[in-house]
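Colleague: model07.pdb is reproduced in full below (PDB, C-alpha atoms, pLDDT in the B column).
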```pdb
ATOM      1  CA  MET Y   5       0.000   0.000   0.000  1.00 75.00           C
ATOM      2  CA  MET Y   6       2.850   2.327   0.839  1.00 79.00           C
ATOM      3  CA  SER Y   7       4.486   1.671  -2.520  1.00 87.00           C
ATOM      4  CA  LEU Y   8       1.262   2.687  -4.299  1.00 85.00           C
ATOM      5  CA  ALA Y   9       1.182   5.940  -2.367  1.00 85.00           C
ATOM      6  CA  ILE Y  10       4.810   6.658  -3.268  1.00 88.00           C
ATOM      7  CA  ALA Y  11       4.133   5.819  -6.913  1.00 89.00           C
ATOM      8  CA  GLY Y  12       1.120   8.144  -6.859  1.00 86.00           C
ATOM      9  CA  LEU Y  13       3.156  10.966  -5.337  1.00 81.00           C
ATOM     10  CA  ALA Y  14       5.897  10.459  -7.913  1.00 89.00           C
ATOM     11  CA  ALA Y  15       3.386  10.467 -10.784  1.00 87.00           C
ATOM     12  CA  GLY Y  16       1.723  13.585  -9.384  1.00 84.00           C
ATOM     13  CA  GLY Y  17       5.070  15.333  -8.978  1.00 82.00           C
ATOM     14  CA  ALA Y  18       6.095  14.453 -12.521  1.00 82.00           C
ATOM     15  CA  ALA Y  19       2.761  15.652 -13.894  1.00 82.00           C
ATOM     16  CA  TRP Y  20       3.044  18.914 -11.970  1.00 80.00           C
ATOM     17  CA  TYR Y  21       6.603  19.451 -13.236  1.00 77.00           C
ATOM     18  CA  LEU Y  22       5.686  18.704 -16.866  1.00 77.00           C
ATOM     19  CA  LEU Y  23       2.427  20.643 -16.900  1.00 79.00           C
ATOM     20  CA  GLY Y  24       2.809  23.198 -14.122  1.00 79.00           C
ATOM     21  CA  THR Y  25       6.150  24.762 -14.876  1.00 83.00           C
ATOM     22  CA  GLU Y  26       7.466  26.597 -17.915  1.00 87.00           C
ATOM     23  CA  LYS Y  27      10.558  24.392 -18.010  1.00 85.00           C
ATOM     24  CA  GLY Y  28       8.376  21.281 -17.774  1.00 79.00           C
ATOM     25  CA  ARG Y  29       6.107  22.444 -20.591  1.00 83.00           C
ATOM     26  CA  ASN Y  30       9.155  23.161 -22.754  1.00 88.00           C
ATOM     27  CA  LEU Y  31      10.500  19.697 -21.982  1.00 85.00           C
ATOM     28  CA  CYS Y  32       7.121  18.169 -22.802  1.00 80.00           C
ATOM     29  CA  HIS Y  33       7.003  20.005 -26.156  1.00 89.00           C
ATOM     30  CA  SER Y  34      10.584  19.009 -26.899  1.00 92.00           C
ATOM     31  CA  LEU Y  35       9.830  15.350 -26.160  1.00 90.00           C
ATOM     32  CA  SER Y  36       6.714  15.544 -28.304  1.00 92.00           C
ATOM     33  CA  ASP Y  37       8.666  17.054 -31.202  1.00 95.00           C
ATOM     34  CA  SER Y  38      11.382  14.397 -30.875  1.00 96.00           C
ATOM     35  CA  ALA Y  39       8.811  11.609 -30.854  1.00 96.00           C
ATOM     36  CA  ARG Y  40       7.131  13.075 -33.951  1.00 96.00           C
ATOM     37  CA  ASP Y  41      10.477  13.364 -35.746  1.00 96.00           C
ATOM     38  CA  LEU Y  42      11.368   9.781 -34.849  1.00 96.00           C
ATOM     39  CA  SER Y  43       7.969   8.582 -36.031  1.00 96.00           C
ATOM     40  CA  ASN Y  44       8.387  10.392 -39.361  1.00 96.00           C
ATOM     41  CA  THR Y  45      11.891   8.973 -39.807  1.00 96.00           C
ATOM     42  CA  VAL Y  46      10.701   5.435 -39.134  1.00 96.00           C
ATOM     43  CA  LYS Y  47       7.725   5.905 -41.452  1.00 96.00           C
ATOM     44  CA  ASP Y  48       9.988   7.191 -44.234  1.00 96.00           C
ATOM     45  CA  LYS Y  49      12.477   4.326 -43.817  1.00 96.00           C
ATOM     46  CA  VAL Y  50       9.731   1.688 -43.787  1.00 96.00           C
ATOM     47  CA  SER Y  51       8.080   3.240 -46.828  1.00 96.00           C
ATOM     48  CA  SER Y  52      11.387   3.331 -48.684  1.00 96.00           C
ATOM     49  CA  ARG Y  53      12.192  -0.299 -47.849  1.00 96.00           C
ATOM     50  CA  TRP Y  54       8.664  -1.364 -48.756  1.00 96.00           C
ATOM     51  CA  ASN Y  55       9.008   0.268 -52.175  1.00 97.00           C
ATOM     52  CA  GLU Y  56      12.397  -1.384 -52.697  1.00 96.00           C
ATOM     53  CA  MET Y  57      10.953  -4.789 -51.850  1.00 97.00           C
ATOM     54  CA  ALA Y  58       7.928  -4.231 -54.104  1.00 97.00           C
ATOM     55  CA  ASN Y  59      10.218  -3.256 -56.986  1.00 97.00           C
ATOM     56  CA  ARG Y  60      12.396  -6.328 -56.429  1.00 97.00           C
ATOM     57  CA  ALA Y  61       9.350  -8.590 -56.309  1.00 97.00           C
ATOM     58  CA  GLU Y  62       8.095  -7.065 -59.555  1.00 97.00           C
ATOM     59  CA  ASP Y  63      11.507  -7.631 -61.171  1.00 97.00           C
ATOM     60  CA  VAL Y  64      11.535 -11.269 -60.039  1.00 97.00           C
ATOM     61  CA  ALA Y  65       8.005 -11.813 -61.350  1.00 97.00           C
ATOM     62  CA  ASP Y  66       8.915 -10.243 -64.700  1.00 97.00           C
ATOM     63  CA  ASN Y  67      12.037 -12.401 -64.931  1.00 97.00           C
ATOM     64  CA  MET Y  68      10.058 -15.542 -64.136  1.00 97.00           C
ATOM     65  CA  ASN Y  69       7.446 -14.652 -66.776  1.00 97.00           C
ATOM     66  CA  ARG Y  70      10.153 -14.153 -69.400  1.00 96.00           C
ATOM     67  CA  LYS Y  71      11.719 -17.507 -68.514  1.00 96.00           C
ATOM     68  CA  ALA Y  72       8.334 -19.238 -68.605  1.00 96.00           C
ATOM     69  CA  ASP Y  73       7.648 -17.739 -72.048  1.00 95.00           C
ATOM     70  CA  ARG Y  74      11.026 -18.924 -73.311  1.00 95.00           C
ATOM     71  CA  MET Y  75      10.411 -22.413 -71.971  1.00 95.00           C
ATOM     72  CA  ALA Y  76       6.956 -22.513 -73.576  1.00 93.00           C
ATOM     73  CA  ASN Y  77       8.451 -21.421 -76.904  1.00 93.00           C
ATOM     74  CA  ARG Y  78      11.136 -24.087 -76.648  1.00 92.00           C
ATOM     75  CA  ALA Y  79       8.515 -26.715 -75.878  1.00 90.00           C
ATOM     76  CA  GLU Y  80       6.428 -25.630 -78.874  1.00 89.00           C
ATOM     77  CA  ASN Y  81       9.507 -25.717 -81.115  1.00 90.00           C
ATOM     78  CA  ALA Y  82      10.399 -29.154 -79.823  1.00 86.00           C
ATOM     79  CA  MET Y  83       6.870 -30.396 -80.504  1.00 85.00           C
ATOM     80  CA  ASP Y  84       6.956 -28.887 -84.007  1.00 83.00           C
ATOM     81  CA  ASN Y  85      10.259 -30.604 -84.766  1.00 81.00           C
ATOM     82  CA  MET Y  86       8.981 -34.047 -83.834  1.00 75.00           C
TER      83      MET Y  86
END
```
How does the structure come out when it is put into C-alpha coordinates?
Modeller:
Amino acid sequence: MMSLAIAGLAAGGAAWYLLGTEKGRNLCHSLSDSARDLSNTVKDKVSSRWNEMANRAEDVADNMNRKADRMANRAENAMDNM
(Lines of atoms letter the chains of each structure in order from A and count residues from 1; the text may use other names and numbers.)
(Lines give C-alpha, C1' and ligand atoms only; values in the text may rest on other atoms or scores of the structure.)
Protein backbone atom coordinates (compact mmCIF):
# COMPACT_ATOMS: atom_id res chain seq x y z
CA MET A 1 0.00 0.00 0.00
CA MET A 2 2.85 2.33 0.84
CA SER A 3 4.49 1.67 -2.52
CA LEU A 4 1.26 2.69 -4.30
CA ALA A 5 1.18 5.94 -2.37
CA ILE A 6 4.81 6.66 -3.27
CA ALA A 7 4.13 5.82 -6.91
CA GLY A 8 1.12 8.14 -6.86
CA LEU A 9 3.16 10.97 -5.34
CA ALA A 10 5.90 10.46 -7.91
CA ALA A 11 3.39 10.47 -10.78
CA GLY A 12 1.72 13.59 -9.38
CA GLY A 13 5.07 15.33 -8.98
CA ALA A 14 6.09 14.45 -12.52
CA ALA A 15 2.76 15.65 -13.89
CA TRP A 16 3.04 18.91 -11.97
CA TYR A 17 6.60 19.45 -13.24
CA LEU A 18 5.69 18.70 -16.87
CA LEU A 19 2.43 20.64 -16.90
CA GLY A 20 2.81 23.20 -14.12
CA THR A 21 6.15 24.76 -14.88
CA GLU A 22 7.47 26.60 -17.91
CA LYS A 23 10.56 24.39 -18.01
CA GLY A 24 8.38 21.28 -17.77
CA ARG A 25 6.11 22.44 -20.59
CA ASN A 26 9.15 23.16 -22.75
CA LEU A 27 10.50 19.70 -21.98
CA CYS A 28 7.12 18.17 -22.80
CA HIS A 29 7.00 20.01 -26.16
CA SER A 30 10.58 19.01 -26.90
CA LEU A 31 9.83 15.35 -26.16
CA SER A 32 6.71 15.54 -28.30
CA ASP A 33 8.67 17.05 -31.20
CA SER A 34 11.38 14.40 -30.87
CA ALA A 35 8.81 11.61 -30.85
CA ARG A 36 7.13 13.08 -33.95
CA ASP A 37 10.48 13.36 -35.75
CA LEU A 38 11.37 9.78 -34.85
CA SER A 39 7.97 8.58 -36.03
CA ASN A 40 8.39 10.39 -39.36
CA THR A 41 11.89 8.97 -39.81
CA VAL A 42 10.70 5.44 -39.13
CA LYS A 43 7.73 5.91 -41.45
CA ASP A 44 9.99 7.19 -44.23
CA LYS A 45 12.48 4.33 -43.82
CA VAL A 46 9.73 1.69 -43.79
CA SER A 47 8.08 3.24 -46.83
CA SER A 48 11.39 3.33 -48.68
CA ARG A 49 12.19 -0.30 -47.85
CA TRP A 50 8.66 -1.36 -48.76
CA ASN A 51 9.01 0.27 -52.17
CA GLU A 52 12.40 -1.38 -52.70
CA MET A 53 10.95 -4.79 -51.85
CA ALA A 54 7.93 -4.23 -54.10
CA ASN A 55 10.22 -3.26 -56.99
CA ARG A 56 12.40 -6.33 -56.43
CA ALA A 57 9.35 -8.59 -56.31
CA GLU A 58 8.09 -7.07 -59.55
CA ASP A 59 11.51 -7.63 -61.17
CA VAL A 60 11.54 -11.27 -60.04
CA ALA A 61 8.00 -11.81 -61.35
CA ASP A 62 8.91 -10.24 -64.70
CA ASN A 63 12.04 -12.40 -64.93
CA MET A 64 10.06 -15.54 -64.14
CA ASN A 65 7.45 -14.65 -66.78
CA ARG A 66 10.15 -14.15 -69.40
CA LYS A 67 11.72 -17.51 -68.51
CA ALA A 68 8.33 -19.24 -68.60
CA ASP A 69 7.65 -17.74 -72.05
CA ARG A 70 11.03 -18.92 -73.31
CA MET A 71 10.41 -22.41 -71.97
CA ALA A 72 6.96 -22.51 -73.58
CA ASN A 73 8.45 -21.42 -76.90
CA ARG A 74 11.14 -24.09 -76.65
CA ALA A 75 8.52 -26.72 -75.88
CA GLU A 76 6.43 -25.63 -78.87
CA ASN A 77 9.51 -25.72 -81.11
CA ALA A 78 10.40 -29.15 -79.82
CA MET A 79 6.87 -30.40 -80.50
CA ASP A 80 6.96 -28.89 -84.01
CA ASN A 81 10.26 -30.60 -84.77
CA MET A 82 8.98 -34.05 -83.83
Colleague: Kindly compute an axis-aligned box around the listed atoms of stretch 14-31 of chain Y, allowing 6 Å on each side, and express its centre and edge lengths in Å to one decimal as AutoDock Vina command-line options.
Modeller:
```
--center_x 6.1 --center_y 18.5 --center_z -15.3 --size_x 20.8 --size_y 28.1 --size_z 26.8
```
Colleague: Take atom CA of Y:Ala61 and atom CA of Y:Asn77 and report the distance between them in Å, one decimal.
Modeller: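 Between atom CA of Y:Ala61 and atom CA of Y:Asn77 the gap works out to 24.3 Å.
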Colleague: What is the atom CA of Y:Ala39-atom CA of Y:Ile10 distance in Å, reported with one decimal?
Modeller: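 It comes out at 28.3 Å.
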Colleague: Using atom CA of Y:Gly16 and atom CA of Y:Leu42 as the two end points, give the distance in Å to one decimal.
Modeller: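 Distance reported for this atom pair: 27.5 Å.
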Colleague: Can you tell me which residues surround stretch 22-24 of chain Y at a distance of at most 12 Å, considering all atoms listed in the file, apart from same-chain residues fewer than 6 positions away, and format the answer as a PyMOL selection string?
Modeller: chain Y and resi 15-16+30-36
